[in-house]
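Just below is one structure, and these are the notes that go with it.
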Amino acid sequence: MTIAPDPTRVEQFLGQVLTDAAAAVSGITVALGDRLGLYTVMAGAGPLSSEQVAERSGTVERYVREWLACQVAGGYVAYDPEARTYTLPDEHAAVLADPLAPTYLAGAFLMLNAVYGTEDALAEAFRTGRGVGWDAHPESLFTGTAKFFRPGYLANVTSWLAALDGVEDKLRGGGSVADVGCGFGYSTMLMAQAFPASTFVGFDYHRPSVDAARKLAADAGMGDRVHFEVATAQDFPGSGYDLITNFDCLHDMGDPGGAAAHARRAIADDGTWMIVEPNASEDLAENVGNPVGRMFYAASVAICLPAAVAQDGPVALGNHAGEDAVRDLVTAAGWSRWRRATENPVNRVYEARP
């Protein structure tokens, strides 16, 4: 017996999917606005014509006019039809125009190029069970990921460190820190800026990211006391570290248990391991209608899980494995103390001690 769907509910869901499709397609315009500085030239400028936006950004007015139409339709930019001018509200500029603002989110749209660009590889991974390595993605993924996480780290790293037991005092006195899975090194450099007496080294297995981190450190005048090396979480050199950190990367590893065991060998007897992970619940019910959870789940499908599987390790966590799964890996590797030190809507911060 065939049961006809409720036409009202069909129409409601059709509207939801249409809204999602419109957002997905228009995402390219957000990425372009960020890349070309269109939001930047509009920020704080008040009403502007399309000609003024084009002139200030060094772009072509006809394209800018089309871009502005999409921004108005999406509610990102306000439009005065009588004056034919466009305004980026200050509140919107805080999200789209200032890469240093804790509310900046435009960097997320840079990753769309990489995610959609690897659709064929992801489809093959679904069929075969093989992975798609981090280094198999376009450069926009590495740049976009760094740009996406940087504002949150800028706003929170010092408070996260303050939430750890006794770590601030050690770093003020001159401690040694290994930032494992450092990517472009923003987390490493932010810690080094806050604690100039300590020494910092960032490790990442992805050489292009390490090269980018070295250049950023040199440009910031920090190349003499912040160093970056190519190494994995399972073999990075050094021992007796006062602090080891993993920022949003443990779940990307094919052998997170091996990473936990190596960190245990490398830590000082009274050292601390800080693990920053996405605040995405392992309970699906808690993420229904939650845009943060939905974003992380989508990233796990397209980036995190395939990257872990590509490493041929024993475990592929996904970025929403939850605290219990991470804690079990850590304690199995010989860490005796564990606690959730702090959290915010985007991240959870865990503290492990020997």
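By convention here, the chains of the structure tokens are called A, B, ... in the order presented, each chain's residues are numbered starting at 1, and ligands are numbered starting at 1 in the order presented.
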Item to complete: Name the residues in contact with A:Leu317 at a cut-off of 8 Å, using only C-alpha atoms, excluding same-chain residues fewer than 4 positions from it; report them as number ranges by chain.
Response: A: 251-252, 305, 308, 321
Selected residues, N, CA and C atoms, written as a PDB file, in the first residue's frame, please.
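part.pdb written:
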ATOM      1  N   HIS A 251      41.613  14.351  16.002  1.00  0.00           N
ATOM      2  CA  HIS A 251      40.612  13.531  15.316  1.00  0.00           C
ATOM      3  C   HIS A 251      40.948  13.310  13.841  1.00  0.00           C
ATOM      4  N   ASP A 252      41.869  14.097  13.274  1.00  0.00           N
ATOM      5  CA  ASP A 252      42.265  13.932  11.873  1.00  0.00           C
ATOM      6  C   ASP A 252      43.319  12.844  11.681  1.00  0.00           C
ATOM      7  N   LEU A 305      37.325  12.680   8.465  1.00  0.00           N
ATOM      8  CA  LEU A 305      37.291  11.221   8.390  1.00  0.00           C
ATOM      9  C   LEU A 305      38.124  10.700   7.224  1.00  0.00           C
ATOM     10  N   ALA A 308      41.869  10.850   8.049  1.00  0.00           N
ATOM     11  CA  ALA A 308      42.292   9.826   9.008  1.00  0.00           C
ATOM     12  C   ALA A 308      42.376   8.456   8.345  1.00  0.00           C
ATOM     13  N   ALA A 321      33.552  12.522  17.736  1.00  0.00           N
ATOM     14  CA  ALA A 321      33.636  11.264  18.484  1.00  0.00           C
ATOM     15  C   ALA A 321      33.185  11.438  19.930  1.00  0.00           C
TER      16      ALA A 321
END
Practice prompt. Tell me, as a count of residues only, which residues lie within 6 Å of A:Met42, counting only C-alpha atoms; anything in the same chain fewer than 3 positions away does not count.
Written response: 3
Fill in: Nearest to A:His262, chosen from A:Gly334, A:Gly129, A:Gly223, A:Gly75, with only C-alpha atoms counted in the distances
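Nearest candidate to A:His262 out of A:Gly334, A:Gly129, A:Gly223, A:Gly75: A:Gly334.
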Practice prompt. From stretch 129-247 of chain A, collect each residue whose DSSP state is helix (DSSP H, G or I) and return the set as an NGL selection string.
Written response: :A and (134-136 or 139-162 or 167-173 or 186-194 or 207-219)
Would you pick out the contacts of A:Thr103 at 8 Å or less, using only C-alpha atoms, so that residues sharing its chain but fewer than 2 positions from it are not included, and give the list as a PDB file with C-alpha atoms, in the first residue's frame?
ATOM      1  CA  ALA A  94      32.439  42.164  12.230  1.00  0.00           C
ATOM      2  CA  VAL A  95      31.684  38.759  10.696  1.00  0.00           C
ATOM      3  CA  ALA A 101      37.727  39.772  14.981  1.00  0.00           C
ATOM      4  CA  LEU A 105      33.678  33.677   9.686  1.00  0.00           C
ATOM      5  CA  PRO A 151      40.062  34.283  15.049  1.00  0.00           C
ATOM      6  CA  GLY A 152      38.915  31.703  17.583  1.00  0.00           C
TER       7      GLY A 152
END
Worksheet item: Suppose you want the space between atom CA of A:Ala302 and atom CA of A:Glu282; what is it in Å?
Response: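 Between these atoms lies a distance of 17.4 Å.
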Got a sec: who's within 8 Å of A:Ala106, counting only C-alpha atoms, leaving out chain neighbours fewer than 6 positions off, as a CSV table (one decimal) with N, CA and C atoms, in the first residue's frame?
chain,number,residue,atom,x,y,z
A,30,VAL,N,30.6,34.9,-1.2
A,30,VAL,CA,31.2,35.3,0.1
A,30,VAL,C,32.7,35.0,0.0
A,31,ALA,N,33.1,33.9,-0.6
A,31,ALA,CA,34.5,33.6,-0.8
A,31,ALA,C,35.2,34.7,-1.7
A,34,ASP,N,35.5,38.1,0.2
A,34,ASP,CA,36.6,38.0,1.1
A,34,ASP,C,37.9,38.1,0.4
A,95,VAL,N,31.7,40.2,11.1
A,95,VAL,CA,31.7,38.8,10.7
A,95,VAL,C,32.4,38.5,9.4
A,96,LEU,N,32.4,39.5,8.5
A,96,LEU,CA,32.9,39.3,7.1
A,96,LEU,C,34.1,40.1,6.7
A,97,ALA,N,34.5,41.2,7.5
A,97,ALA,CA,35.5,42.1,7.0
A,97,ALA,C,36.8,42.2,7.8
A,148,PHE,N,40.1,30.1,9.0
A,148,PHE,CA,38.8,29.9,9.8
A,148,PHE,C,39.1,29.8,11.3
Worksheet entry | Shortest interatomic distance to A:Ala263 - which of A:Phe195, A:Phe236, A:Tyr63, A:Tyr86, counting only C-alpha atoms | A:Phe236
Worksheet entry | Spatial neighbours of stretch 190-193 of chain A, max dist 8 Å, only C-alpha atoms, sep filter under 3 positions, as a list of chain:residue names |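 So, after excluding close chain neighbours, the residues are A:Tyr153, A:Leu154, A:Val157, A:Thr158, A:Tyr186, A:Ser187, A:Pro196, A:Ser198, A:Thr199, A:Phe200, A:Val226.
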